[in-house]
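Peer 1: Dropping in coords.cif, which is mmCIF, C-alpha atoms:
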```cif
data_run
#
loop_
_atom_site.label_atom_id
_atom_site.label_comp_id
_atom_site.auth_asym_id
_atom_site.auth_seq_id
_atom_site.Cartn_x
_atom_site.Cartn_y
_atom_site.Cartn_z
CA MET A 1 0.00 0.00 0.00
CA ILE A 2 2.64 2.43 1.06
CA SER A 3 5.05 1.32 -1.62
CA ARG A 4 2.38 1.75 -4.28
CA THR A 5 1.73 5.30 -3.10
CA CYS A 6 5.45 5.92 -3.26
CA LYS A 7 5.68 4.58 -6.80
CA TRP A 8 3.03 7.04 -7.86
CA LEU A 9 4.81 9.79 -6.02
CA ILE A 10 8.09 8.98 -7.76
CA ALA A 11 6.42 8.81 -11.14
CA GLY A 12 4.67 12.10 -10.48
CA LEU A 13 7.87 13.70 -9.29
CA ALA A 14 9.78 12.48 -12.32
CA LEU A 15 7.17 13.92 -14.65
CA THR A 16 7.13 17.24 -12.85
CA VAL A 17 10.90 17.55 -12.84
CA LEU A 18 11.31 16.44 -16.44
CA GLY A 19 8.50 18.76 -17.42
CA GLY A 20 10.51 21.58 -15.95
CA CYS A 21 13.56 20.64 -18.01
CA VAL A 22 12.08 19.85 -21.40
CA ALA A 23 10.23 22.80 -22.83
CA PRO A 24 7.71 22.89 -25.67
CA LYS A 25 8.95 23.92 -29.09
CA THR A 26 7.43 26.81 -30.98
CA VAL A 27 9.98 27.24 -33.76
CA ASP A 28 10.56 25.41 -37.04
CA TYR A 29 13.93 23.73 -36.65
CA SER A 30 13.87 21.61 -39.82
CA ALA A 31 16.53 23.58 -41.77
CA TYR A 32 18.69 23.86 -38.64
CA LYS A 33 18.52 20.11 -37.99
CA GLN A 34 19.33 19.33 -41.58
CA ALA A 35 22.35 21.66 -41.64
CA ARG A 36 23.85 20.29 -38.39
CA PRO A 37 26.40 23.11 -37.91
CA LYS A 38 29.48 22.23 -35.85
CA THR A 39 31.39 25.48 -35.95
CA ILE A 40 30.04 29.00 -35.53
CA LEU A 41 31.67 32.21 -36.71
CA VAL A 42 30.39 35.17 -34.70
CA LEU A 43 30.69 38.43 -36.61
CA PRO A 44 31.24 41.69 -34.70
CA PRO A 45 27.70 42.90 -33.91
CA LEU A 46 26.01 45.85 -35.56
CA ASN A 47 25.15 48.50 -33.01
CA THR A 48 22.11 50.72 -33.18
CA SER A 49 22.42 51.85 -29.55
CA PRO A 50 24.12 55.16 -28.73
CA ASP A 51 26.94 53.49 -26.76
CA VAL A 52 30.07 52.68 -28.82
CA LYS A 53 31.11 50.00 -26.31
CA ALA A 54 28.05 47.86 -27.12
CA SER A 55 29.44 45.74 -29.99
CA TYR A 56 32.65 44.55 -28.38
CA SER A 57 31.22 44.26 -24.88
CA LEU A 58 28.66 41.77 -26.17
CA LEU A 59 31.00 40.13 -28.69
CA SER A 60 33.52 39.27 -25.99
CA GLN A 61 30.82 37.32 -24.13
CA VAL A 62 29.27 35.14 -26.84
CA THR A 63 31.78 32.27 -26.63
CA PHE A 64 30.55 30.93 -23.29
CA PRO A 65 26.91 30.15 -24.18
CA LEU A 66 27.75 28.89 -27.68
CA ALA A 67 30.63 26.66 -26.60
CA GLU A 68 28.67 25.30 -23.64
CA ALA A 69 25.84 24.54 -26.09
CA GLY A 70 28.33 22.26 -27.88
CA TYR A 71 29.67 24.34 -30.78
CA TYR A 72 33.19 25.25 -31.75
CA VAL A 73 33.32 29.05 -31.68
CA LEU A 74 35.95 30.67 -33.88
CA PRO A 75 38.35 32.73 -31.69
CA ILE A 76 36.61 36.09 -31.32
CA ALA A 77 39.49 38.58 -31.21
CA LEU A 78 41.58 36.74 -33.80
CA VAL A 79 38.66 36.72 -36.25
CA ASP A 80 38.17 40.46 -35.72
CA GLU A 81 41.89 40.99 -36.41
CA THR A 82 41.68 38.96 -39.64
CA PHE A 83 38.81 41.15 -40.84
CA ARG A 84 40.79 44.30 -40.03
CA GLN A 85 43.83 43.06 -41.94
CA ASN A 86 41.59 42.48 -44.92
CA GLY A 87 40.29 46.04 -44.84
CA MET A 88 37.00 45.32 -43.09
CA THR A 89 37.14 47.56 -40.05
CA THR A 90 33.48 48.08 -39.14
CA PRO A 91 30.71 45.59 -38.30
CA ASP A 92 28.73 47.05 -41.22
CA ASP A 93 31.54 46.10 -43.67
CA ILE A 94 31.89 42.67 -42.14
CA HIS A 95 28.17 41.88 -42.26
CA GLN A 96 28.35 42.48 -46.03
CA ALA A 97 31.08 39.85 -46.57
CA PRO A 98 29.99 37.03 -48.90
CA PRO A 99 29.15 33.79 -47.02
CA ASN A 100 31.27 31.58 -49.31
CA LYS A 101 34.33 33.75 -48.57
CA LEU A 102 33.69 33.43 -44.82
CA LYS A 103 33.44 29.67 -45.17
CA GLU A 104 36.64 29.51 -47.20
CA ILE A 105 38.78 31.48 -44.73
CA PHE A 106 37.34 30.45 -41.39
CA GLY A 107 36.07 26.97 -42.21
CA ALA A 108 32.87 27.70 -40.26
CA ASP A 109 29.58 25.94 -40.95
CA ALA A 110 27.42 28.85 -39.82
CA ALA A 111 27.75 32.54 -39.06
CA LEU A 112 25.98 34.47 -36.35
CA TYR A 113 24.85 37.98 -37.26
CA ILE A 114 24.05 39.98 -34.13
CA THR A 115 22.58 43.47 -33.72
CA VAL A 116 22.68 45.29 -30.40
CA THR A 117 19.62 47.54 -30.25
CA GLU A 118 19.84 48.71 -26.64
CA TYR A 119 22.89 49.15 -24.42
CA GLY A 120 23.49 51.33 -21.42
CA THR A 121 22.07 53.06 -18.41
CA ARG A 122 18.97 55.22 -18.24
CA TYR A 123 19.00 57.50 -15.26
CA MET A 124 15.62 58.12 -13.73
CA VAL A 125 14.48 60.14 -10.74
CA ILE A 126 14.47 57.40 -8.15
CA SER A 127 16.50 54.63 -9.72
CA SER A 128 18.45 53.87 -12.86
CA GLU A 129 18.20 50.95 -15.24
CA THR A 130 21.01 49.38 -17.19
CA ALA A 131 19.69 47.25 -20.03
CA VAL A 132 20.95 45.37 -23.08
CA THR A 133 18.87 44.04 -25.96
CA ALA A 134 20.23 42.05 -28.87
CA THR A 135 18.89 40.10 -31.81
CA ALA A 136 20.70 37.31 -33.63
CA LYS A 137 20.46 35.38 -36.87
CA LEU A 138 22.26 32.09 -37.51
CA VAL A 139 23.03 31.61 -41.21
CA ASP A 140 24.26 28.45 -42.93
CA LEU A 141 27.41 29.47 -44.81
CA LYS A 142 27.04 26.71 -47.40
CA SER A 143 23.50 27.52 -48.54
CA GLY A 144 22.95 31.02 -47.14
CA THR A 145 19.78 29.77 -45.42
CA THR A 146 18.72 31.31 -42.13
CA LEU A 147 18.69 28.48 -39.58
CA TRP A 148 17.52 30.35 -36.49
CA THR A 149 16.67 33.81 -35.21
CA GLY A 150 16.34 35.03 -31.67
CA THR A 151 16.16 38.07 -29.46
CA ALA A 152 16.87 38.68 -25.79
CA ARG A 153 16.91 41.50 -23.26
CA ALA A 154 18.52 41.74 -19.84
CA SER A 155 18.07 44.49 -17.31
CA SER A 156 19.51 45.48 -13.97
CA GLU A 157 15.95 46.03 -12.75
CA GLU A 158 14.84 42.41 -13.01
CA GLY A 159 14.14 40.87 -9.61
CA GLY A 160 17.42 39.07 -8.98
CA ASN A 161 17.95 38.43 -12.70
CA ASN A 162 15.59 35.52 -12.56
CA GLY A 163 14.34 35.62 -16.13
CA GLY A 164 15.05 33.42 -19.13
CA GLY A 165 18.72 32.94 -18.25
CA GLY A 166 17.68 31.06 -15.11
CA LEU A 167 20.30 29.55 -12.89
CA ILE A 168 23.12 29.72 -15.37
CA GLY A 169 22.35 33.35 -16.03
CA MET A 170 22.59 34.10 -12.34
CA LEU A 171 25.85 32.22 -12.03
CA ILE A 172 27.35 34.11 -14.93
CA THR A 173 26.32 37.42 -13.46
CA ALA A 174 27.87 36.52 -10.17
CA ALA A 175 31.08 35.32 -11.81
CA VAL A 176 31.39 38.32 -14.04
CA LYS A 177 30.76 40.74 -11.20
CA GLN A 178 33.72 39.32 -9.35
CA ILE A 179 36.05 39.79 -12.28
CA ILE A 180 35.03 43.10 -13.77
CA ASN A 181 34.54 46.28 -11.88
CA SER A 182 31.08 47.05 -13.17
CA SER A 183 31.31 50.73 -12.31
CA THR A 184 33.58 51.29 -15.33
CA ASP A 185 31.07 49.74 -17.72
CA ALA A 186 27.73 48.94 -16.16
CA GLY A 187 26.51 47.45 -19.44
CA TYR A 188 29.16 44.71 -19.50
CA PRO A 189 27.69 42.28 -16.92
CA ILE A 190 24.18 42.92 -18.26
CA ALA A 191 25.43 42.15 -21.79
CA GLY A 192 26.76 38.88 -20.38
CA VAL A 193 23.30 37.92 -19.15
CA ALA A 194 21.70 39.00 -22.43
CA SER A 195 24.24 36.99 -24.43
CA ASN A 196 23.62 33.94 -22.29
CA ARG A 197 19.87 34.28 -22.65
CA LEU A 198 20.13 34.77 -26.39
CA LEU A 199 22.65 32.06 -27.22
CA SER A 200 22.41 29.19 -24.76
CA ALA A 201 20.76 25.94 -25.82
CA GLY A 202 18.06 23.98 -24.07
CA HIS A 203 15.28 26.52 -23.69
CA PRO A 204 12.15 27.23 -25.80
CA ALA A 205 12.90 28.82 -29.18
CA GLY A 206 16.63 28.75 -28.32
CA LEU A 207 19.60 27.33 -30.18
CA LEU A 208 19.85 23.56 -30.49
CA TYR A 209 22.66 21.66 -28.78
CA GLY A 210 25.80 21.25 -30.90
CA PRO A 211 27.94 18.13 -31.49
CA ARG A 212 30.31 18.74 -28.56
CA SER A 213 27.44 18.63 -26.06
CA PRO A 214 26.38 15.31 -24.50
CA LYS A 215 22.82 16.53 -25.17
CA TYR A 216 23.43 16.77 -28.94
CA GLY A 217 20.51 15.34 -30.89
CA THR A 218 18.19 15.22 -27.88
CA ASP A 219 16.35 18.42 -28.79
CA MET B 1 7.37 -3.46 8.97
CA LYS B 2 9.40 -0.46 9.92
CA LEU B 3 11.91 -1.45 7.27
CA ASN B 4 9.17 -1.75 4.63
CA LEU B 5 8.08 1.76 5.37
CA SER B 6 11.50 3.36 5.24
CA ARG B 7 12.72 1.67 2.08
CA PRO B 8 10.25 3.31 -0.32
CA LEU B 9 10.86 6.58 1.42
CA LEU B 10 14.57 6.17 0.90
CA ALA B 11 13.95 5.36 -2.76
CA LEU B 12 11.82 8.43 -3.09
CA THR B 13 14.45 10.63 -1.52
CA LEU B 14 17.16 9.18 -3.74
CA ALA B 15 15.05 9.58 -6.85
CA ALA B 16 14.18 13.12 -5.92
CA SER B 17 17.75 14.12 -5.24
CA THR B 18 19.05 12.49 -8.41
CA LEU B 19 16.43 14.18 -10.56
CA LEU B 20 16.86 17.53 -8.91
CA ALA B 21 20.64 17.33 -9.15
CA GLY B 22 20.32 16.60 -12.86
CA CYS B 23 18.43 19.83 -13.36
CA ALA B 24 19.87 22.19 -10.81
CA ALA B 25 23.62 21.76 -11.07
CA PRO B 26 24.84 23.20 -14.38
CA LYS B 27 28.04 21.35 -15.16
CA THR B 28 30.09 23.19 -17.75
CA LEU B 29 31.92 21.51 -20.62
CA TYR B 30 34.92 23.81 -20.15
CA GLN B 31 36.73 25.59 -17.36
CA TRP B 32 36.59 29.24 -18.35
CA GLU B 33 38.59 31.20 -15.80
CA GLY B 34 39.25 34.71 -17.16
CA TYR B 35 39.02 33.95 -20.88
CA GLU B 36 36.07 36.18 -21.77
CA PRO B 37 37.17 39.19 -19.67
CA GLN B 38 40.61 38.85 -21.31
CA VAL B 39 39.05 38.94 -24.77
CA TYR B 40 37.27 42.15 -23.74
CA GLU B 41 40.56 43.48 -22.37
CA TYR B 42 42.15 42.85 -25.77
CA PHE B 43 39.44 44.91 -27.49
CA LYS B 44 39.70 47.73 -24.95
CA GLY B 45 43.47 47.75 -25.40
CA GLU B 46 44.17 49.44 -22.07
CA GLU B 47 46.40 46.75 -20.62
CA PRO B 48 49.75 45.77 -22.19
CA LYS B 49 49.62 42.56 -24.27
CA GLU B 50 52.34 41.03 -22.07
CA ALA B 51 50.10 41.34 -19.00
CA GLN B 52 47.16 39.84 -20.89
CA ALA B 53 49.24 36.84 -22.00
CA GLU B 54 50.57 36.36 -18.46
CA ALA B 55 47.04 36.34 -17.03
CA LEU B 56 45.93 33.73 -19.57
CA GLU B 57 49.02 31.56 -18.97
CA ARG B 58 48.37 31.72 -15.22
CA ASP B 59 44.75 30.63 -15.73
CA LEU B 60 45.92 27.86 -18.05
CA GLN B 61 47.92 26.38 -15.18
CA LYS B 62 44.78 26.44 -13.04
CA ILE B 63 42.76 24.69 -15.75
CA ARG B 64 45.48 22.06 -16.23
CA SER B 65 45.64 21.36 -12.50
CA THR B 66 41.94 20.45 -12.46
CA GLY B 67 42.14 18.35 -15.62
CA LYS B 68 39.11 20.07 -17.15
CA ALA B 69 38.89 21.14 -20.78
CA VAL B 70 40.28 24.44 -22.09
CA PRO B 71 37.58 26.52 -23.83
CA PRO B 72 37.55 26.84 -27.63
CA GLY B 73 39.58 29.83 -28.79
CA TYR B 74 41.70 30.03 -25.63
CA HIS B 75 44.96 28.86 -27.20
CA ALA B 76 44.22 30.75 -30.42
CA HIS B 77 43.77 33.95 -28.41
CA LEU B 78 47.10 33.36 -26.68
CA GLY B 79 48.60 32.88 -30.14
CA LEU B 80 47.20 36.26 -31.17
CA LEU B 81 48.82 37.90 -28.13
CA TYR B 82 52.19 36.28 -28.90
CA LEU B 83 51.86 37.40 -32.52
CA SER B 84 51.40 41.01 -31.45
CA MET B 85 54.41 40.66 -29.14
CA GLY B 86 56.54 39.36 -32.01
CA LYS B 87 56.97 35.95 -30.38
CA ASP B 88 56.33 33.93 -33.51
CA ASP B 89 57.48 30.54 -32.20
CA GLN B 90 55.02 30.71 -29.32
CA MET B 91 52.30 31.91 -31.67
CA VAL B 92 52.79 28.87 -33.94
CA GLN B 93 52.76 26.59 -30.91
CA GLN B 94 49.48 28.06 -29.63
CA PHE B 95 47.76 27.85 -33.02
CA ASN B 96 48.84 24.23 -33.33
CA THR B 97 47.52 23.43 -29.85
CA GLU B 98 44.17 24.98 -30.77
CA LYS B 99 44.09 22.78 -33.86
CA THR B 100 44.91 19.65 -31.88
CA LEU B 101 42.24 20.31 -29.24
CA PHE B 102 39.65 21.44 -31.80
CA PRO B 103 40.19 19.94 -35.27
CA GLU B 104 37.21 22.09 -36.39
CA SER B 105 39.58 25.08 -36.23
CA GLY B 106 41.94 23.47 -38.77
CA THR B 107 40.98 25.51 -41.84
CA TYR B 108 41.39 28.83 -40.04
CA MET B 109 44.53 27.87 -38.10
CA ASP B 110 46.18 26.67 -41.33
CA PHE B 111 45.21 29.96 -43.00
CA LEU B 112 46.84 31.92 -40.16
CA LEU B 113 49.96 29.74 -40.06
CA LYS B 114 50.38 30.06 -43.82
CA ASN B 115 50.05 33.85 -43.61
CA ALA B 116 52.49 34.01 -40.71
CA LYS B 117 55.04 32.03 -42.72
CA ALA B 118 54.54 34.30 -45.73
CA GLY B 119 55.09 37.30 -43.45
CA VAL B 120 58.39 35.90 -42.17
CA THR B 121 59.81 35.21 -45.64
CA GLN B 122 58.87 38.63 -46.99
#
```
Could you write out this file's structure as structure tokens?
Peer 2:
Amino acid sequence: MISRTCKWLIAGLALTVLGGCVAPKTVDYSAYKQARPKTILVLPPLNTSPDVKASYSLLSQVTFPLAEAGYYVLPIALVDETFRQNGMTTPDDIHQAPPNKLKEIFGADAALYITVTEYGTRYMVISSETAVTATAKLVDLKSGTTLWTGTARASSEEGGNNGGGGLIGMLITAAVKQIINSSTDAGYPIAGVASNRLLSAGHPAGLLYGPRSPKYGTD
Amino acid sequence: MKLNLSRPLLALTLAASTLLAGCAAPKTLYQWEGYEPQVYEYFKGEEPKEAQAEALERDLQKIRSTGKAVPPGYHAHLGLLYLSMGKDDQMVQQFNTEKTLFPESGTYMDFLLKNAKAGVTQ
């Protein structure tokens, strides 16, 4: 009697917990699944915010979520340097580069085109808010097909940063706060949360796991 | 009887803790240390390249001591720092290490190594 109750409890618990982990899908992933990208080239983001720091603050924090999702991420600063040496010095120039050329030089399967639309601190009467918003598009460099698009926002005014980034987001914020003195660039840690929210795998409408993740092929 | 009662409870507790642990503890594939802040430092260009390379080498020792994996791009970034310091041998070594750890980087690393060689012979 008791053991039967317990079995039901365990089954119920398992369902609840698994339900919390596996989220419903709302996006068409068929092209993405067919392309199976292994390596991602992240181009320096376009910036439509008034803060010139936005592009490189976000760009320097995209490797973590993408690599932890199971992709090889082309070395960020080195890639930027290669573009510069080939006369492409602004994100606008770089976003115009032909996909086949990118594939030839960097050997990447897909490129990530990011735009930062909001970055910085708004000072208000009682409090101030630091927020970062970015959109991203993952493009197959062989076919030019868009495999995935996403958008994310992070703000200093969220209750304990408990939004889409969840636990990992909180951990990143904590880790980043220890390393960087946020008073010099308040947008930097918030950009880290936004990047993580935008580019980590395993949440609804997010990126799929890549081949280096043990969860590859499960989503 | 007492035993019969506690065993399912124990099973339940174990199941609960296993399931919860699977969800709650995010285990990372790589040990990151200061890689991303160092990449930002490179872009800001306020700190000398020597200091940036030293910080990354120090963190590399930490990563090695735990036996966890070095993140993608780490060795390549070190190679970039050595390149800008004119230490070509160390640059080549770092690019080759990146290639060994991540064969996916092969095309790009070969491109860089070829260019570096061309630069030396010019």
Peer 1: Nearest to Val39 in chain B among B:Lys68, B:Lys114, B:Lys27, B:His75, with distances taken over only C-alpha atoms: which residue is it?
Peer 2: B:His75
Peer 1: Decode the PyMOL selection byres ((chain A and resi 38-41) around 10) for the given file into explicit residues and return them as a ChimeraX atom specification.
Peer 2: /A:35-37,42-44,63,66-67,70-76,79,102-103,106-113,138-141,209-212 /B:104-105
Peer 1: If you measure from CA of Gln31 in chain B to CA of Ser60 in chain A, what distance in Å do you get, rounded to one decimal?
Peer 2: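 According to the coordinates, CA of Gln31 in chain B and CA of Ser60 in chain A are separated by 16.5 Å.
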Peer 1: One decimal, Å: what's the distance from CA of Ser156 in chain A over to CA of Glu33 in chain B, could you say?
Peer 2: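 Taking CA of Ser156 in chain A as the start and CA of Glu33 in chain B as the end point, the length is 23.9 Å.
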Peer 1: Do a neighbour search on Gly150 in chain A at 7 Å with all atoms listed in the file, toss out local chain neighbours closer than 6 positions, and write the hits as a PyMOL selection string.
Peer 2: chain A and resi 135-137+198
Peer 1: Which residue is closest to chain A? Choose from B:Pro48, B:Pro103, B:Pro72, B:Gly86 and count all atoms listed in the file.
Peer 2: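 Among the listed residues, B:Pro72 lies closest to chain A.
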Peer 1: List as a PyMOL selection string: which residues have an atom within 12 Å of (37.2, 46.2, -38.5), counting all atoms listed in the file?
Peer 2: (chain A and resi 43-46+55-56+77-95+97) or (chain B and resi 43)
Peer 1: Using all atoms listed in the file, can you tell me which of A:Ser200, A:Ser213, A:Asn47, A:Thr121 comes closest to chain B?
Peer 2: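 Among the listed residues, the smallest separation from chain B belongs to A:Ser213.
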Peer 1: Quick check on the file I pasted: which residues fall under the PyMOL selection byres ((chain B and resi 101) around 12)? Write them as a PDB file with C-alpha atoms, in the coordinates of the input.
Peer 2:
```pdb
ATOM      1  CA  TYR A  72      33.190  25.250 -31.750  1.00  0.00           C
TER       2      TYR A  72
ATOM      3  CA  ALA B  69      38.890  21.140 -20.780  1.00  0.00           C
ATOM      4  CA  VAL B  70      40.280  24.440 -22.090  1.00  0.00           C
ATOM      5  CA  PRO B  71      37.580  26.520 -23.830  1.00  0.00           C
ATOM      6  CA  PRO B  72      37.550  26.840 -27.630  1.00  0.00           C
ATOM      7  CA  GLY B  73      39.580  29.830 -28.790  1.00  0.00           C
ATOM      8  CA  TYR B  74      41.700  30.030 -25.630  1.00  0.00           C
ATOM      9  CA  HIS B  75      44.960  28.860 -27.200  1.00  0.00           C
ATOM     10  CA  ALA B  76      44.220  30.750 -30.420  1.00  0.00           C
ATOM     11  CA  GLN B  94      49.480  28.060 -29.630  1.00  0.00           C
ATOM     12  CA  PHE B  95      47.760  27.850 -33.020  1.00  0.00           C
ATOM     13  CA  ASN B  96      48.840  24.230 -33.330  1.00  0.00           C
ATOM     14  CA  THR B  97      47.520  23.430 -29.850  1.00  0.00           C
ATOM     15  CA  GLU B  98      44.170  24.980 -30.770  1.00  0.00           C
ATOM     16  CA  LYS B  99      44.090  22.780 -33.860  1.00  0.00           C
ATOM     17  CA  THR B 100      44.910  19.650 -31.880  1.00  0.00           C
ATOM     18  CA  PHE B 102      39.650  21.440 -31.800  1.00  0.00           C
ATOM     19  CA  PRO B 103      40.190  19.940 -35.270  1.00  0.00           C
ATOM     20  CA  GLU B 104      37.210  22.090 -36.390  1.00  0.00           C
ATOM     21  CA  SER B 105      39.580  25.080 -36.230  1.00  0.00           C
ATOM     22  CA  GLY B 106      41.940  23.470 -38.770  1.00  0.00           C
ATOM     23  CA  MET B 109      44.530  27.870 -38.100  1.00  0.00           C
TER      24      MET B 109
END
```
Peer 1: Please indicate the distance in Å from CA of Ala152 in chain A to CA of Ala191 in chain A, rounded to one decimal place.
Peer 2: 10.1 Å
Peer 1: Using only C-alpha atoms, which residue out of B:Asp88, B:Glu57, B:Glu47, B:Glu36 lies closest to chain A?
Peer 2: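 Under the stated criterion, the closest residue is B:Glu36.
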